[in-house]
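Data first, discussion second: the structure below is written as structure tokens.
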Number of protein chains: 4
Amino acid sequence: MSNSFKLTRVGVTDVRKPVLVHRHGEDHHLVARIDVFVNLPSTQRGSHMSRNVEVINEMIDTSVRRKARSLEELAAGICKELLDRHEYASYAEVRMAADYFLERKPDGGRKSLEGYKLMAKATARRGDGLMKEIGVEVQGMTVCPCAMETALRKLEQTVPELHKVEGKAPTISHNQRNRTSLTVEVPERVDVEADDLIDIVESSLSSPTFGVLKRSDEANVVIEAHRNPKFVEDVVREVLAKILKKYPRLDDSVHVTVRSESEESIHKHNAFAERVTTLGELRGK
Amino acid sequence: MSNSFKLTRVGVTDVRKPVLVHRHGEDHHLVARIDVFVNLPSTQRGSHMSRNVEVINEMIDTSVRRKARSLEELAAGICKELLDRHEYASYAEVRMAADYFLERKPDGGRKSLEGYKLMAKATARRGDGLMKEIGVEVQGMTVCPCAMETALRKLEQTVPELHKVEGKAPTISHNQRNRTSLTVEVPERVDVEADDLIDIVESSLSSPTFGVLKRSDEANVVIEAHRNPKFVEDVVREVLAKILKKYPRLDDSVHVTVRSESEESIHKHNAFAERVTTLGELRGK
Amino acid sequence: MSNSFKLTRVGVTDVRKPVLVHRHGEDHHLVARIDVFVNLPSTQRGSHMSRNVEVINEMIDTSVRRKARSLEELAAGICKELLDRHEYASYAEVRMAADYFLERKPDGGRKSLEGYKLMAKATARRGDGLMKEIGVEVQGMTVCPCAMETALRKLEQTVPELHKVEGKAPTISHNQRNRTSLTVEVPERVDVEADDLIDIVESSLSSPTFGVLKRSDEANVVIEAHRNPKFVEDVVREVLAKILKKYPRLDDSVHVTVRSESEESIHKHNAFAERVTTLGELRGK
Amino acid sequence: MSNSFKLTRVGVTDVRKPVLVHRHGEDHHLVARIDVFVNLPSTQRGSHMSRNVEVINEMIDTSVRRKARSLEELAAGICKELLDRHEYASYAEVRMAADYFLERKPDGGRKSLEGYKLMAKATARRGDGLMKEIGVEVQGMTVCPCAMETALRKLEQTVPELHKVEGKAPTISHNQRNRTSLTVEVPERVDVEADDLIDIVESSLSSPTFGVLKRSDEANVVIEAHRNPKFVEDVVREVLAKILKKYPRLDDSVHVTVRSESEESIHKHNAFAERVTTLGELRGK
């Protein structure tokens, strides 16, 4: 009885491997966590599990020799090879994630490597092409617009002089770490650069954050962030608007997911906003 | 510009609250992690975030007074109240998770409280009823059937006497911790007991595991598990078969998800199997 | 050869149990994570592992009947029983941790249960008494005093009117979630209340944080926090000063550890300060 | 008042950086998590936090140019530079951790990169030299010797033929993932290779584990592990014995810590053993 159901995904999870991605003339040495799956027909008791890690190992070796340009290119290669090796499967799926670093510099400050997270996914149905997902997670700062306004109103009750600086110097508010992720799913032949997605997200927060800030840089970041207060709702919408502008030629069918989470400094819980959509839906609004 | 997109989910995440669930004459004091969301129309800049935690607080107080029978009943109550308070929203969603304990006893051994995980979810579209999800995660033991067979063949090459015990005493294999989750999504009025789901999963592993095992109990668990070797694929399929048998009257439209992950003792990665389906699909196979 | 070394700690880790603590007329139902250890002489190959969980189970049952007043009282009871049951051991150690909730209310706002973390530890050498550790972790808000000052200087360059509000309305800065822990180690007979330690830590941050804040409460918290800017160094020192004041009669030999970590909103890393000391050292400075 | 206490450690935690370690002719690209601290005298309100990340950045750049041979060499360099830049500090401490990969091959099987964890620490008191800690964490398999024996006795009651294979073919038991760590603290000028520590730990488990195992390799690993059953106590003691043998010329004052944790397949909790000691104590037993 128990072997008469087909299964949606069978495979291995939490495989860790060093991978090399080469782009724009630079090598990025990443440590990837990898999950791979194929489906299993009802007629077969077990999937050949060892083939999964064999495929991962071989494709990562190949990618080092051929210089893979991205985690998603690597995921796509593994995904196709999975279908080749698991002859009984009609579906394959690969998920990868890795810490990633880019050089950043606050205005007038020092260069430093800032950390990001890359997420890649590839899915393929036999005979039906391959879809790949390019994803990034960016950490930055959000300043609450609402508390800024209510704090100003409350302070003005005892400090009437405040109206003289209103609009010139920003008011106090709560601000905090925010993590925003953006994933775009496209057909295999279409290219979307993770670095561009990082730029889109990082520029949609109240301010990016930096590893090294001298006193003067720190003041600049704080001031800029308070001149640019953002709810998580604002962050998600700004990312969506920039995606539309950046990719006018991507197809209406392209899936886009944006998630923004602020680790509220005045609460022990987080504020969260999300949009799961397609470019077509966004364009038609 | 940036406030002209609607949002799929806006809310708070990682709210922690003590909750009380009363069933079968027993009080279960749980510490729940709670996420709640509503959707947001394009015409509104921000969701009223503080209402979310107000609703959680009030509904948890109410549930203590009225003795909620389950985490999913509580989630459903919060979900409906969210739609009431966020008049601009047409969709609400609540997710809850908590550690949970049930008394268990190995054959001939001592009673002890064993730990499980409850997951509950409720989703509601305004004017369109409420769906609730009852979920459990169970930890147990799996013994690999394949390594058992290959180890037997290899051992027989140097120990021919082994064929005399074949079929009487089980052969060595690798065995390990397994985590299997089962979630069932049903309309609000339909009742599915989390304790039943735990029983279904726990009986589908090679063996349940126990906090206290005297030497003799330990031998029994090891022997029973080796007489009952299971791939993750087998575990998922056995859960599916038991679900069909246990709930003949549940509608074909009911969603069922089963995930089984073995933390392989011979690998540093995990083996994984999953089925995402409906009862109708399972019945028709 | 390999069994000729003694071992410092042998036992079980990550045991999870529901426990009941009764204080000030109130029941607190906690889910504890428990580690227990004894030492092992070089003459004995293995510790009797199953006795550890038996002791935990029995002492937790006993505590429910007798109404244990604290996690550390429970830890002490388990610790003494471990020495009784492991006759070959001369040392026993118990560590417990649990989420904990207390009712809190912002000035003029609504009551809500806020989450804390309790940590308890007990250590005993045979024939040499028992030491217990009472620990708490509190989450709150810190506002950076340094960025506040540099932002003010920078803003004044373009907004000279700012000097009219200086000292009356606080200037913007970065602020963030802070986690501060305090542990005090005392002999078994001495009582230190975890709730008092929570009060000490929570009042040493720029501001406590709250689950529910209406707009006006939110403004109050933000203003109060900015009138009370704190480095992690300040937080640790304020906790130390309050400990000295609160416990004038505790012995000089009492160990105190304070750790404060701010999840900086302008960086991706945390700021950290710690003091590991005794009351005697603190009193003599 | 609050600035009149000295502080034990003030610094930054969870800084993440890509680092390059070059040994035995091979480059290892690691992603390190880094914590750095200095002490703070009672006379100074705040530590200069930005200097910490500046030092990390500069020393990592330097290490790439000069090809650092180990994480602990890098930690030592950062530690000394911290004392140089924080002129008010008399103590500095650096902790680093990173995933690490080495090529491994089961007997007769395929080569694959296996994952390990490196931990490095450096501490320096001004004018008093520098101590460095070299640490590794290794994942492998343990088979329980006790359950093996009790299962055999129980099985023999119904399968008397079993005595014919006793001593020739191993009996079933429970087996599981084990994580064992070893750290050695030595003066700066003394070299201890992390790769040697990994070898010592990996050879002290019932069996190492592998990413890719064909059927025949899998049988070999299972058989070898069952011919080599180990309690966590045995693992720690075997590591201690090998350390003594491997490093006869290391000083008696060298600190050694060994921790072994088995994620028991028959329990939901872990079994744990630890020895915290010096080479002198080990030699004298």
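Going through the structure tokens in order, the chains are called A, B, and so on, while each chain numbers its residues from 1 and the ligands are numbered from 1 in the order shown.
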Excluding segment 7-23 of chain B and its own-chain neighbours fewer than 6 positions away, which residues fall within 9 Å of it when counting only C-alpha atoms? Please give them as a PDB file with C-alpha atoms, in the first residue's frame.
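Below you can see selection.pdb, which holds the result:
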ATOM      1  CA  VAL A 232       7.777  48.704   5.458  1.00  0.00           C
ATOM      2  CA  GLU A 233       4.836  49.355   3.140  1.00  0.00           C
ATOM      3  CA  VAL A 236       7.985  47.351  -0.755  1.00  0.00           C
ATOM      4  CA  ARG A 237       6.183  49.823  -3.013  1.00  0.00           C
ATOM      5  CA  GLU A 261      10.675  43.314   7.684  1.00  0.00           C
ATOM      6  CA  LYS A 268       9.828  43.196  20.571  1.00  0.00           C
ATOM      7  CA  HIS A 269       8.088  42.051  17.372  1.00  0.00           C
ATOM      8  CA  ASN A 270       8.672  42.983  13.713  1.00  0.00           C
ATOM      9  CA  ALA A 271       6.681  45.004  11.174  1.00  0.00           C
ATOM     10  CA  PHE A 272       6.223  43.211   7.850  1.00  0.00           C
ATOM     11  CA  ALA A 273       4.969  43.961   4.330  1.00  0.00           C
ATOM     12  CA  GLU A 274       4.921  41.764   1.235  1.00  0.00           C
ATOM     13  CA  ARG A 275       3.791  41.774  -2.377  1.00  0.00           C
ATOM     14  CA  VAL A 276       3.591  38.579  -4.413  1.00  0.00           C
ATOM     15  CA  THR A 277       2.800  39.468  -8.009  1.00  0.00           C
TER      16      THR A 277
ATOM     17  CA  HIS B  29      -0.223  26.156  28.494  1.00  0.00           C
ATOM     18  CA  LEU B  30       1.624  27.047  25.300  1.00  0.00           C
ATOM     19  CA  VAL B  31       4.050  29.802  24.348  1.00  0.00           C
ATOM     20  CA  ALA B  32       2.972  30.795  20.838  1.00  0.00           C
ATOM     21  CA  ARG B  33       4.879  32.650  18.151  1.00  0.00           C
ATOM     22  CA  ILE B  34       2.314  34.577  16.134  1.00  0.00           C
ATOM     23  CA  ASP B  35       2.342  36.340  12.746  1.00  0.00           C
ATOM     24  CA  VAL B  36      -0.739  38.265  11.568  1.00  0.00           C
ATOM     25  CA  PHE B  37      -1.371  40.043   8.273  1.00  0.00           C
ATOM     26  CA  VAL B  38      -4.042  41.818   6.282  1.00  0.00           C
ATOM     27  CA  ASN B  39      -3.841  43.000   2.683  1.00  0.00           C
ATOM     28  CA  LEU B  40      -3.644  46.724   1.911  1.00  0.00           C
ATOM     29  CA  PRO B  41      -5.343  48.538  -0.974  1.00  0.00           C
ATOM     30  CA  SER B  42      -3.270  50.784  -3.224  1.00  0.00           C
ATOM     31  CA  GLY B  46       0.058  52.378   5.895  1.00  0.00           C
ATOM     32  CA  SER B  47      -1.740  49.605   7.720  1.00  0.00           C
ATOM     33  CA  HIS B  48      -2.758  50.287  11.325  1.00  0.00           C
ATOM     34  CA  MET B  49      -0.078  48.118  12.866  1.00  0.00           C
ATOM     35  CA  SER B  50      -1.017  48.578  16.528  1.00  0.00           C
ATOM     36  CA  ASN B  52      -2.830  43.761  15.077  1.00  0.00           C
ATOM     37  CA  VAL B  53      -1.307  43.300  18.506  1.00  0.00           C
ATOM     38  CA  ILE B  56      -4.023  39.290  19.452  1.00  0.00           C
ATOM     39  CA  ASN B  57      -4.120  40.428  23.078  1.00  0.00           C
ATOM     40  CA  ILE B  60      -6.028  35.553  23.757  1.00  0.00           C
ATOM     41  CA  ASP B  61      -7.737  37.002  26.830  1.00  0.00           C
ATOM     42  CA  SER B  63      -9.774  32.450  24.708  1.00  0.00           C
ATOM     43  CA  VAL B  64      -8.616  32.056  28.294  1.00  0.00           C
ATOM     44  CA  LYS B  67     -11.364  27.991  26.980  1.00  0.00           C
ATOM     45  CA  ALA B  68     -10.227  27.709  23.348  1.00  0.00           C
ATOM     46  CA  ARG B  69      -9.957  24.092  22.327  1.00  0.00           C
ATOM     47  CA  SER B  70      -7.086  24.508  19.882  1.00  0.00           C
ATOM     48  CA  LEU B  71      -4.458  26.812  18.458  1.00  0.00           C
ATOM     49  CA  LEU B  74      -7.639  30.798  18.379  1.00  0.00           C
ATOM     50  CA  TYR B  91      -7.986  39.422   3.352  1.00  0.00           C
ATOM     51  CA  ALA B  92      -6.537  38.375   6.718  1.00  0.00           C
ATOM     52  CA  GLU B  93      -4.059  35.686   7.677  1.00  0.00           C
TER      53      GLU B  93
ATOM     54  CA  HIS C  29       3.669  28.038  32.966  1.00  0.00           C
ATOM     55  CA  LEU C  30       7.068  27.891  31.284  1.00  0.00           C
ATOM     56  CA  TYR C 100       8.810  34.415  30.596  1.00  0.00           C
ATOM     57  CA  PHE C 101       6.084  37.047  30.543  1.00  0.00           C
ATOM     58  CA  LEU C 113       2.272  40.854  28.475  1.00  0.00           C
ATOM     59  CA  GLU C 114       5.896  41.556  27.576  1.00  0.00           C
ATOM     60  CA  GLY C 115       8.368  38.758  26.902  1.00  0.00           C
ATOM     61  CA  GLY C 211       3.753  45.224  22.364  1.00  0.00           C
TER      62      GLY C 211
END
Next item on the list: Provide as an NGL selection string the residues of chain A at most 9 Å from chain C, counting only C-alpha atoms.
Entry: :A and (114-115 or 139-142 or 146-156 or 158-162 or 164-165 or 168-178 or 207-213 or 215-216 or 218-223 or 226 or 263-269)
Next item on the list: Pull the strand (DSSP E) assignments for segment 43-199 of chain B out of DSSP run on the backbone, and list those residues as a PyMOL selection string.
Entry: chain B and resi 91-104+112-125+130-143+175-187
Checklist line | Filtered DSSP result for segment 36-277 of chain B, state helix (DSSP H, G or I), as a ChimeraX atom specification | finding: /B:49-66,71-85,145-158,160-164,194-202,215-226,232-246
Notebook entry, point to check: Which residues, written as a ChimeraX atom specification, have at least one atom at most 10 Å from Leu250 of chain C, with only C-alpha atoms counted and residues fewer than 5 positions away on the same chain left out?
Noted result: /C:186,190-192,243-244,279-280
Next item on the list: Find the residues around Asp195 of chain A up to 9 Å (only C-alpha atoms counted), leave out those fewer than 3 positions away in its own chain, and share them as a VMD selection string.
Entry: chain A and resid 102 136 192 198 to 200
